[in-house]
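J.: model31.pdb is reproduced in full below (PDB, C-alpha atoms, pLDDT in the B column).
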```
MODEL        1
ATOM      1  CA  MET A   1       0.000   0.000   0.000  1.00 51.00           C
ATOM      2  CA  GLY A   2       2.914   2.359   0.597  1.00 57.00           C
ATOM      3  CA  SER A   3       3.904   4.745   3.356  1.00 67.00           C
ATOM      4  CA  GLY A   4       1.484   7.422   2.100  1.00 65.00           C
ATOM      5  CA  TYR A   5      -1.502   5.188   2.708  1.00 65.00           C
ATOM      6  CA  LEU A   6      -0.248   4.156   6.153  1.00 73.00           C
ATOM      7  CA  ILE A   7       0.171   7.797   7.196  1.00 78.00           C
ATOM      8  CA  LEU A   8      -3.298   8.680   5.866  1.00 72.00           C
ATOM      9  CA  ALA A   9      -4.925   5.668   7.507  1.00 74.00           C
ATOM     10  CA  GLY A  10      -3.142   6.376  10.791  1.00 81.00           C
ATOM     11  CA  ALA A  11      -4.232  10.017  10.822  1.00 80.00           C
ATOM     12  CA  ILE A  12      -7.842   9.098  10.065  1.00 80.00           C
ATOM     13  CA  MET A  13      -7.893   6.400  12.746  1.00 84.00           C
ATOM     14  CA  LEU A  14      -6.426   8.771  15.336  1.00 87.00           C
ATOM     15  CA  PHE A  15      -8.883  11.544  14.514  1.00 81.00           C
ATOM     16  CA  SER A  16     -11.778   9.073  14.566  1.00 84.00           C
ATOM     17  CA  TRP A  17     -10.674   7.700  17.938  1.00 89.00           C
ATOM     18  CA  LEU A  18     -10.422  11.182  19.432  1.00 89.00           C
ATOM     19  CA  VAL A  19     -13.913  12.163  18.255  1.00 88.00           C
ATOM     20  CA  SER A  20     -15.419   8.826  19.333  1.00 86.00           C
ATOM     21  CA  SER A  21     -13.818   9.103  22.763  1.00 89.00           C
ATOM     22  CA  ARG A  22     -15.113  12.635  23.159  1.00 89.00           C
ATOM     23  CA  LEU A  23     -18.588  11.528  22.062  1.00 88.00           C
ATOM     24  CA  LYS A  24     -18.580   8.682  24.583  1.00 90.00           C
ATOM     25  CA  SER A  25     -17.552  10.996  27.424  1.00 91.00           C
ATOM     26  CA  LYS A  26     -20.238  13.523  26.445  1.00 91.00           C
ATOM     27  CA  PHE A  27     -22.978  10.891  26.447  1.00 90.00           C
ATOM     28  CA  GLU A  28     -21.794   9.564  29.796  1.00 91.00           C
ATOM     29  CA  GLN A  29     -21.904  13.108  31.153  1.00 94.00           C
ATOM     30  CA  TYR A  30     -25.400  13.856  29.872  1.00 95.00           C
ATOM     31  CA  SER A  31     -26.709  10.444  30.851  1.00 93.00           C
ATOM     32  CA  LYS A  32     -26.346  11.700  34.424  1.00 94.00           C
ATOM     33  CA  LEU A  33     -28.413  14.808  33.673  1.00 95.00           C
ATOM     34  CA  HIS A  34     -31.895  13.535  34.547  1.00 96.00           C
ATOM     35  CA  LEU A  35     -34.911  15.200  32.944  1.00 96.00           C
ATOM     36  CA  GLN A  36     -37.123  17.283  35.168  1.00 96.00           C
ATOM     37  CA  ASN A  37     -40.155  16.280  33.068  1.00 96.00           C
ATOM     38  CA  GLY A  38     -39.477  12.616  33.952  1.00 95.00           C
ATOM     39  CA  MET A  39     -40.041  11.379  30.381  1.00 97.00           C
ATOM     40  CA  SER A  40     -38.190   8.402  28.949  1.00 97.00           C
ATOM     41  CA  GLY A  41     -36.572   8.350  25.528  1.00 97.00           C
ATOM     42  CA  ALA A  42     -39.498   6.316  24.202  1.00 98.00           C
ATOM     43  CA  GLU A  43     -42.011   8.849  25.517  1.00 98.00           C
ATOM     44  CA  ILE A  44     -40.023  11.729  24.047  1.00 98.00           C
ATOM     45  CA  ALA A  45     -40.009   9.975  20.660  1.00 98.00           C
ATOM     46  CA  GLU A  46     -43.720   9.202  20.719  1.00 98.00           C
ATOM     47  CA  LYS A  47     -44.588  12.802  21.593  1.00 98.00           C
ATOM     48  CA  MET A  48     -42.370  14.247  18.867  1.00 98.00           C
ATOM     49  CA  LEU A  49     -43.973  11.972  16.274  1.00 98.00           C
ATOM     50  CA  ALA A  50     -47.458  12.918  17.473  1.00 98.00           C
ATOM     51  CA  ASP A  51     -46.660  16.638  17.475  1.00 98.00           C
ATOM     52  CA  ASN A  52     -45.541  16.331  13.852  1.00 97.00           C
ATOM     53  CA  GLY A  53     -48.721  14.507  12.850  1.00 97.00           C
ATOM     54  CA  ILE A  54     -46.927  11.207  12.211  1.00 97.00           C
ATOM     55  CA  THR A  55     -49.186   8.295  13.142  1.00 96.00           C
ATOM     56  CA  ASP A  56     -47.770   5.438  11.057  1.00 96.00           C
ATOM     57  CA  VAL A  57     -44.335   5.163  12.721  1.00 98.00           C
ATOM     58  CA  ARG A  58     -43.728   2.865  15.703  1.00 97.00           C
ATOM     59  CA  VAL A  59     -41.153   3.445  18.437  1.00 98.00           C
ATOM     60  CA  ILE A  60     -39.492   0.174  19.426  1.00 97.00           C
ATOM     61  CA  SER A  61     -36.601  -0.964  21.589  1.00 97.00           C
ATOM     62  CA  THR A  62     -33.594  -2.635  19.938  1.00 95.00           C
ATOM     63  CA  PRO A  63     -30.778  -4.541  21.692  1.00 94.00           C
ATOM     64  CA  GLY A  64     -27.255  -3.166  22.062  1.00 89.00           C
ATOM     65  CA  GLN A  65     -25.616   0.212  22.443  1.00 83.00           C
ATOM     66  CA  LEU A  66     -25.447   2.917  19.751  1.00 83.00           C
ATOM     67  CA  THR A  67     -27.961   0.875  17.725  1.00 92.00           C
ATOM     68  CA  ASP A  68     -30.415   3.757  17.473  1.00 96.00           C
ATOM     69  CA  HIS A  69     -31.745   4.346  13.961  1.00 96.00           C
ATOM     70  CA  TYR A  70     -34.811   5.113  11.896  1.00 97.00           C
ATOM     71  CA  ASN A  71     -35.893   2.443   9.423  1.00 94.00           C
ATOM     72  CA  PRO A  72     -37.804   4.010   6.508  1.00 93.00           C
ATOM     73  CA  VAL A  73     -38.734   0.589   5.109  1.00 92.00           C
ATOM     74  CA  ASN A  74     -40.915  -0.554   8.002  1.00 95.00           C
ATOM     75  CA  LYS A  75     -41.330   2.950   9.492  1.00 96.00           C
ATOM     76  CA  THR A  76     -39.893   2.297  12.921  1.00 97.00           C
ATOM     77  CA  VAL A  77     -37.846   4.465  15.253  1.00 98.00           C
ATOM     78  CA  ASN A  78     -35.449   1.951  16.786  1.00 98.00           C
ATOM     79  CA  LEU A  79     -34.001   3.047  20.122  1.00 97.00           C
ATOM     80  CA  SER A  80     -31.311   1.157  22.005  1.00 96.00           C
ATOM     81  CA  GLU A  81     -32.482  -0.230  25.319  1.00 94.00           C
ATOM     82  CA  SER A  82     -30.786   2.477  27.367  1.00 92.00           C
ATOM     83  CA  VAL A  83     -32.187   5.320  25.249  1.00 96.00           C
ATOM     84  CA  TYR A  84     -35.650   3.732  25.153  1.00 97.00           C
ATOM     85  CA  ASN A  85     -35.918   3.398  28.931  1.00 96.00           C
ATOM     86  CA  GLN A  86     -33.757   6.133  30.433  1.00 95.00           C
ATOM     87  CA  ARG A  87     -34.886   9.619  31.388  1.00 97.00           C
ATOM     88  CA  ASN A  88     -31.926  11.909  30.805  1.00 97.00           C
ATOM     89  CA  ALA A  89     -30.676  14.565  28.392  1.00 97.00           C
ATOM     90  CA  ALA A  90     -28.640  12.101  26.313  1.00 96.00           C
ATOM     91  CA  ALA A  91     -31.628   9.785  25.816  1.00 97.00           C
ATOM     92  CA  ALA A  92     -33.873  12.727  24.919  1.00 97.00           C
ATOM     93  CA  ALA A  93     -31.352  13.974  22.341  1.00 97.00           C
ATOM     94  CA  VAL A  94     -30.966  10.596  20.630  1.00 97.00           C
ATOM     95  CA  ALA A  95     -34.689   9.817  20.647  1.00 98.00           C
ATOM     96  CA  ALA A  96     -35.584  13.214  19.177  1.00 98.00           C
ATOM     97  CA  HIS A  97     -32.794  12.929  16.589  1.00 98.00           C
ATOM     98  CA  GLU A  98     -34.090   9.593  15.293  1.00 98.00           C
ATOM     99  CA  CYS A  99     -37.591  11.048  15.130  1.00 98.00           C
ATOM    100  CA  GLY A 100     -36.038  13.854  13.107  1.00 98.00           C
ATOM    101  CA  HIS A 101     -35.352  11.247  10.421  1.00 98.00           C
ATOM    102  CA  ALA A 102     -38.976  10.126  10.585  1.00 98.00           C
ATOM    103  CA  VAL A 103     -40.062  13.739  10.031  1.00 98.00           C
ATOM    104  CA  GLN A 104     -37.649  13.980   7.080  1.00 98.00           C
ATOM    105  CA  HIS A 105     -39.248  10.874   5.594  1.00 97.00           C
ATOM    106  CA  ALA A 106     -42.759  12.233   6.128  1.00 97.00           C
ATOM    107  CA  VAL A 107     -42.021  15.553   4.414  1.00 97.00           C
ATOM    108  CA  GLY A 108     -39.931  14.024   1.600  1.00 96.00           C
ATOM    109  CA  TYR A 109     -36.630  15.619   2.597  1.00 97.00           C
ATOM    110  CA  GLN A 110     -34.544  15.418  -0.591  1.00 97.00           C
ATOM    111  CA  TRP A 111     -31.230  14.435   0.989  1.00 97.00           C
ATOM    112  CA  LEU A 112     -32.823  11.513   2.847  1.00 96.00           C
ATOM    113  CA  THR A 113     -34.493  10.407  -0.385  1.00 95.00           C
ATOM    114  CA  MET A 114     -31.161  10.545  -2.181  1.00 96.00           C
ATOM    115  CA  ARG A 115     -29.425   8.565   0.561  1.00 95.00           C
ATOM    116  CA  SER A 116     -32.131   5.898   0.451  1.00 93.00           C
ATOM    117  CA  GLN A 117     -31.711   5.601  -3.313  1.00 94.00           C
ATOM    118  CA  LEU A 118     -27.962   5.075  -2.852  1.00 95.00           C
ATOM    119  CA  VAL A 119     -28.358   2.210  -0.367  1.00 93.00           C
ATOM    120  CA  PRO A 120     -28.624  -0.638  -2.950  1.00 93.00           C
ATOM    121  CA  PHE A 121     -25.510   0.604  -4.781  1.00 93.00           C
ATOM    122  CA  VAL A 122     -23.579   1.013  -1.538  1.00 95.00           C
ATOM    123  CA  ASN A 123     -24.513  -2.483  -0.410  1.00 94.00           C
ATOM    124  CA  VAL A 124     -23.092  -3.939  -3.612  1.00 93.00           C
ATOM    125  CA  SER A 125     -20.023  -1.692  -3.545  1.00 94.00           C
ATOM    126  CA  SER A 126     -19.211  -2.528   0.061  1.00 93.00           C
ATOM    127  CA  LYS A 127     -19.367  -6.234  -0.703  1.00 93.00           C
ATOM    128  CA  TYR A 128     -16.850  -6.226  -3.551  1.00 94.00           C
ATOM    129  CA  MET A 129     -14.763  -3.042  -3.491  1.00 94.00           C
ATOM    130  CA  GLN A 130     -12.080  -4.236  -1.062  1.00 92.00           C
ATOM    131  CA  TRP A 131     -11.177  -7.207  -3.231  1.00 95.00           C
ATOM    132  CA  VAL A 132     -11.382  -5.210  -6.461  1.00 95.00           C
ATOM    133  CA  LEU A 133      -9.108  -2.503  -5.030  1.00 94.00           C
ATOM    134  CA  ILE A 134      -6.542  -5.021  -3.776  1.00 93.00           C
ATOM    135  CA  GLY A 135      -6.589  -6.846  -7.110  1.00 95.00           C
ATOM    136  CA  GLY A 136      -6.364  -3.542  -8.957  1.00 93.00           C
ATOM    137  CA  ILE A 137      -3.262  -2.477  -7.040  1.00 91.00           C
ATOM    138  CA  LEU A 138      -1.579  -5.855  -7.534  1.00 91.00           C
ATOM    139  CA  LEU A 139      -2.353  -5.792 -11.270  1.00 92.00           C
ATOM    140  CA  ILE A 140      -1.895  -2.056 -11.770  1.00 88.00           C
ATOM    141  CA  ASN A 141       0.734  -2.465 -14.491  1.00 85.00           C
ATOM    142  CA  SER A 142      -0.966  -5.224 -16.466  1.00 87.00           C
ATOM    143  CA  PHE A 143      -4.662  -4.438 -15.941  1.00 89.00           C
ATOM    144  CA  PRO A 144      -5.102  -0.865 -14.612  1.00 87.00           C
ATOM    145  CA  TYR A 145      -8.818  -0.747 -15.349  1.00 92.00           C
ATOM    146  CA  LEU A 146      -9.475  -3.156 -12.478  1.00 95.00           C
ATOM    147  CA  LEU A 147      -8.299  -0.465 -10.072  1.00 95.00           C
ATOM    148  CA  LEU A 148     -10.470   2.053 -11.886  1.00 95.00           C
ATOM    149  CA  GLY A 149     -13.430  -0.223 -11.266  1.00 96.00           C
ATOM    150  CA  GLY A 150     -12.538  -0.369  -7.592  1.00 96.00           C
ATOM    151  CA  ILE A 151     -12.339   3.430  -7.491  1.00 96.00           C
ATOM    152  CA  VAL A 152     -15.840   3.693  -8.949  1.00 96.00           C
ATOM    153  CA  LEU A 153     -17.156   1.291  -6.296  1.00 96.00           C
ATOM    154  CA  PHE A 154     -15.385   3.219  -3.540  1.00 96.00           C
ATOM    155  CA  ALA A 155     -16.708   6.496  -4.929  1.00 96.00           C
ATOM    156  CA  ALA A 156     -20.257   5.227  -4.339  1.00 95.00           C
ATOM    157  CA  THR A 157     -19.541   4.735  -0.633  1.00 96.00           C
ATOM    158  CA  THR A 158     -17.832   8.124  -0.477  1.00 97.00           C
ATOM    159  CA  LEU A 159     -20.843   9.812  -2.050  1.00 97.00           C
ATOM    160  CA  PHE A 160     -23.054   8.063   0.500  1.00 97.00           C
ATOM    161  CA  SER A 161     -20.952   9.394   3.389  1.00 96.00           C
ATOM    162  CA  ILE A 162     -21.142  12.924   1.958  1.00 97.00           C
ATOM    163  CA  VAL A 163     -24.920  12.780   1.429  1.00 97.00           C
ATOM    164  CA  THR A 164     -25.278  11.486   4.986  1.00 97.00           C
ATOM    165  CA  LEU A 165     -23.918  14.758   6.414  1.00 97.00           C
ATOM    166  CA  PRO A 166     -26.881  17.042   5.615  1.00 98.00           C
ATOM    167  CA  VAL A 167     -29.259  14.232   6.591  1.00 98.00           C
ATOM    168  CA  GLU A 168     -27.740  13.888  10.059  1.00 97.00           C
ATOM    169  CA  TYR A 169     -27.326  17.604  10.706  1.00 97.00           C
ATOM    170  CA  ASP A 170     -30.878  18.346   9.585  1.00 98.00           C
ATOM    171  CA  ALA A 171     -32.284  15.595  11.828  1.00 98.00           C
ATOM    172  CA  SER A 172     -30.435  17.096  14.794  1.00 97.00           C
ATOM    173  CA  ASN A 173     -31.657  20.598  13.947  1.00 97.00           C
ATOM    174  CA  ARG A 174     -35.249  19.347  13.747  1.00 98.00           C
ATOM    175  CA  ALA A 175     -34.847  17.530  17.064  1.00 98.00           C
ATOM    176  CA  LEU A 176     -33.366  20.505  18.892  1.00 98.00           C
ATOM    177  CA  ALA A 177     -35.927  22.920  17.457  1.00 98.00           C
ATOM    178  CA  TRP A 178     -38.802  20.702  18.591  1.00 98.00           C
ATOM    179  CA  LEU A 179     -37.316  20.179  22.059  1.00 98.00           C
ATOM    180  CA  GLU A 180     -36.921  23.938  22.446  1.00 97.00           C
ATOM    181  CA  ASN A 181     -40.235  25.033  20.911  1.00 97.00           C
ATOM    182  CA  LYS A 182     -42.219  22.553  23.001  1.00 96.00           C
ATOM    183  CA  ARG A 183     -40.164  23.427  26.071  1.00 96.00           C
ATOM    184  CA  MET A 184     -39.476  19.779  26.728  1.00 97.00           C
ATOM    185  CA  LEU A 185     -36.187  20.458  28.484  1.00 97.00           C
ATOM    186  CA  THR A 186     -34.738  22.945  30.913  1.00 97.00           C
ATOM    187  CA  GLN A 187     -32.001  25.290  29.685  1.00 96.00           C
ATOM    188  CA  GLN A 188     -29.293  23.026  31.086  1.00 97.00           C
ATOM    189  CA  GLU A 189     -30.861  19.907  29.595  1.00 97.00           C
ATOM    190  CA  GLN A 190     -31.279  21.606  26.205  1.00 97.00           C
ATOM    191  CA  ALA A 191     -27.631  22.662  26.216  1.00 97.00           C
ATOM    192  CA  GLY A 192     -26.606  19.098  27.050  1.00 96.00           C
ATOM    193  CA  ALA A 193     -28.743  17.641  24.255  1.00 97.00           C
ATOM    194  CA  LYS A 194     -27.286  20.127  21.773  1.00 97.00           C
ATOM    195  CA  ASP A 195     -23.712  19.335  22.803  1.00 96.00           C
ATOM    196  CA  ALA A 196     -24.300  15.579  22.605  1.00 95.00           C
ATOM    197  CA  LEU A 197     -25.767  15.801  19.106  1.00 96.00           C
ATOM    198  CA  LYS A 198     -22.952  18.097  17.983  1.00 95.00           C
ATOM    199  CA  TRP A 199     -20.352  15.463  18.832  1.00 94.00           C
ATOM    200  CA  ALA A 200     -22.454  12.689  17.328  1.00 93.00           C
ATOM    201  CA  ALA A 201     -22.590  14.626  14.050  1.00 94.00           C
ATOM    202  CA  ARG A 202     -18.822  15.021  14.052  1.00 93.00           C
ATOM    203  CA  THR A 203     -18.392  11.256  13.772  1.00 93.00           C
ATOM    204  CA  TYR A 204     -20.074  11.488  10.358  1.00 95.00           C
ATOM    205  CA  VAL A 205     -17.789  14.359   9.387  1.00 94.00           C
ATOM    206  CA  VAL A 206     -14.743  12.250  10.269  1.00 92.00           C
ATOM    207  CA  ALA A 207     -16.116   9.337   8.256  1.00 92.00           C
ATOM    208  CA  ALA A 208     -16.702  11.559   5.217  1.00 94.00           C
ATOM    209  CA  ILE A 209     -13.247  13.139   5.414  1.00 92.00           C
ATOM    210  CA  GLY A 210     -11.642   9.723   5.774  1.00 90.00           C
ATOM    211  CA  SER A 211     -13.565   8.354   2.815  1.00 93.00           C
ATOM    212  CA  ILE A 212     -12.663  11.343   0.615  1.00 93.00           C
ATOM    213  CA  GLY A 213      -9.000  11.110   1.597  1.00 89.00           C
ATOM    214  CA  THR A 214      -8.846   7.388   0.880  1.00 90.00           C
ATOM    215  CA  LEU A 215     -10.599   7.839  -2.459  1.00 93.00           C
ATOM    216  CA  LEU A 216      -8.099  10.507  -3.500  1.00 90.00           C
ATOM    217  CA  TYR A 217      -5.264   8.192  -2.497  1.00 89.00           C
ATOM    218  CA  TYR A 218      -6.528   5.424  -4.811  1.00 91.00           C
ATOM    219  CA  VAL A 219      -7.062   7.957  -7.591  1.00 92.00           C
ATOM    220  CA  SER A 220      -3.455   9.117  -7.177  1.00 88.00           C
ATOM    221  CA  ILE A 221      -2.240   5.523  -7.555  1.00 88.00           C
ATOM    222  CA  TYR A 222      -4.244   5.126 -10.745  1.00 90.00           C
ATOM    223  CA  MET A 223      -3.079   8.450 -12.169  1.00 87.00           C
ATOM    224  CA  GLY A 224       0.512   7.688 -11.227  1.00 78.00           C
ATOM    225  CA  ALA A 225       0.359   4.352 -13.030  1.00 71.00           C
ATOM    226  CA  GLY A 226      -1.077   6.109 -16.079  1.00 60.00           C
ATOM    227  CA  SER A 227       1.786   8.605 -16.094  1.00 58.00           C
ATOM    228  CA  ARG A 228       4.344   5.813 -15.986  1.00 57.00           C
ATOM    229  CA  ARG A 229       2.662   4.058 -18.905  1.00 55.00           C
ATOM    230  CA  ASP A 230       2.818   7.272 -20.933  1.00 50.00           C
TER     231      ASP A 230
ENDMDL
END
```
Show the structure stored in the file as structure tokens.

T.:
Amino acid sequence: MGSGYLILAGAIMLFSWLVSSRLKSKFEQYSKLHLQNGMSGAEIAEKMLADNGITDVRVISTPGQLTDHYNPVNKTVNLSESVYNQRNAAAAAVAAHECGHAVQHAVGYQWLTMRSQLVPFVNVSSKYMQWVLIGGILLINSFPYLLLGGIVLFAATTLFSIVTLPVEYDASNRALAWLENKRMLTQQEQAGAKDALKWAARTYVVAAIGSIGTLLYYVSIYMGAGSRRD
């Protein structure tokens, strides 16, 4: 792979670890900030859906940690067990954020629609691109177009990570606006929810930057091989 790739991969991994560690500490901090309204994450989610006139989405509990997500296929807001049951600022932030995706789906938010359309392509790309890229690098001198194919597959995942950014930030903005407008949280709780979601969003920024950097690295290999052939 070369020293350039190792340096890039190392920098991305370090940055990702720093952001993930900060996110974990923030959620631990705000998990101790109990809500004065006494509502659980599930109750927060159900109220946000109702306030937005969404009646065909279920709020369910899903096993594990950091497994929270909105499923547009079966219209479910899936909350991890801790978020579903707990009554703190971190749980409120996550629950409202996932409902933000449900609101996006209900109003036809264009970036969410685009991301959903990319899912089938990303699933295929993720399955094969690693092997195509490795084969392309090994055969760069005899069959350079294999690497080009791998770059195209990787580009699909990179595009997905870029499109994900406005989707995640918009969901957080919708969540925070609803929490504030409905006065669901105290000032301190609202500030904690905002801070938690800010750090959660930064994990997607790191992923996008890492994907772009890696894509450019593979493109440079391909271009470099082309220059040598010329």

J.: Would you list the residues near (-47.3, 15.3, 5.2) (no more than 9 Å away, in the coordinates of the file, using all atoms listed in the file) as a list in words?

T.: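 All residues meeting the 9 Å criterion around (-47.3, 15.3, 5.2) are Asn52, Gly53, Ile54, Val103, Ala106, Val107 and Gly108 of chain A.
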
J.: Using all atoms listed in the file, find the one residue out of A:Leu159, A:Leu35, A:Leu49, A:Val57 that sits nearest to Ala91 (chain A).

T.: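 Looking only at the distances to Ala91 (chain A), the closest residue turns out to be A:Leu35.
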
J.: Which residue is closest to Leu79 (chain A)? Choose from A:Asp51, A:Glu168, A:Asp195, A:Glu43 and count only C-alpha atoms.

T.: A:Glu43

J.: Restricting the calculation to all atoms listed in the file: of A:Ala42, A:Val122, A:Val19, A:Val83, which residue gets closest to Ala207 (chain A)?

T.: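 Comparing A:Ala42, A:Val122, A:Val19, A:Val83 against Ala207 (chain A), the winner is A:Val19.
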
J.: In file coordinates, which residues lie within 12 Å of (-8.9, 5.2, 11.4) using all atoms listed in the file, given as a PyMOL selection string?

T.: chain A and resi 5-20+203+206-211+213-214

J.: Provide the CA of Val219 (chain A) to CA of Val152 (chain A) distance in Å, to one decimal place.

T.: 9.9 Å

J.: Could you check how far CA of Tyr30 (chain A) sits from CA of Asn85 (chain A), in Å to one decimal?

T.: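 About the pair CA of Tyr30 (chain A) and CA of Asn85 (chain A): they are 14.9 Å apart.
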
J.: Decode the PyMOL selection byres ((chain A and resi 26) around 9) for the given file into explicit residues and return them as a list in words.

T.: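 The output of the PyMOL selection byres ((chain A and resi 26) around 9) on this file is Ser21, Arg22, Leu23, Lys24, Ser25, Phe27, Glu28, Gln29, Tyr30, Ser31, Ala90, Gly192, Asp195, Ala196 and Trp199 of chain A.
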
J.: Work out how far apart CA of Ala89 (chain A) and CA of Gln190 (chain A) are and give it in Å to one decimal.

T.: 7.4 Å

J.: What box, with edges along x, y and z, holds each listed atom of region 157-172 of chain A when 8 Å is added on every side, and can you state its centre and edge lengths in Å to one decimal, as lines of an AutoDock Vina configuration file?

T.:
```
center_x = -25.1
center_y = 11.5
center_z = 6.4
size_x = 30.5
size_y = 29.6
size_z = 32.8
```

J.: When the PyMOL selection byres ((chain A and resi 80) around 10) is applied to the structure above, which residues does it catch, written out as a count of residues only?

T.: 23

J.: Can you pull out the residues contacting region 170-185 of chain A? Cut-off 9 Å, using all atoms listed in the file, and skip same-chain residues under 2 positions away; I want them as an MDAnalysis selection string.

T.: chainID A and resid 35:37 44 48 51 89 92:104 165:168 187:190 193:194 197:198 201
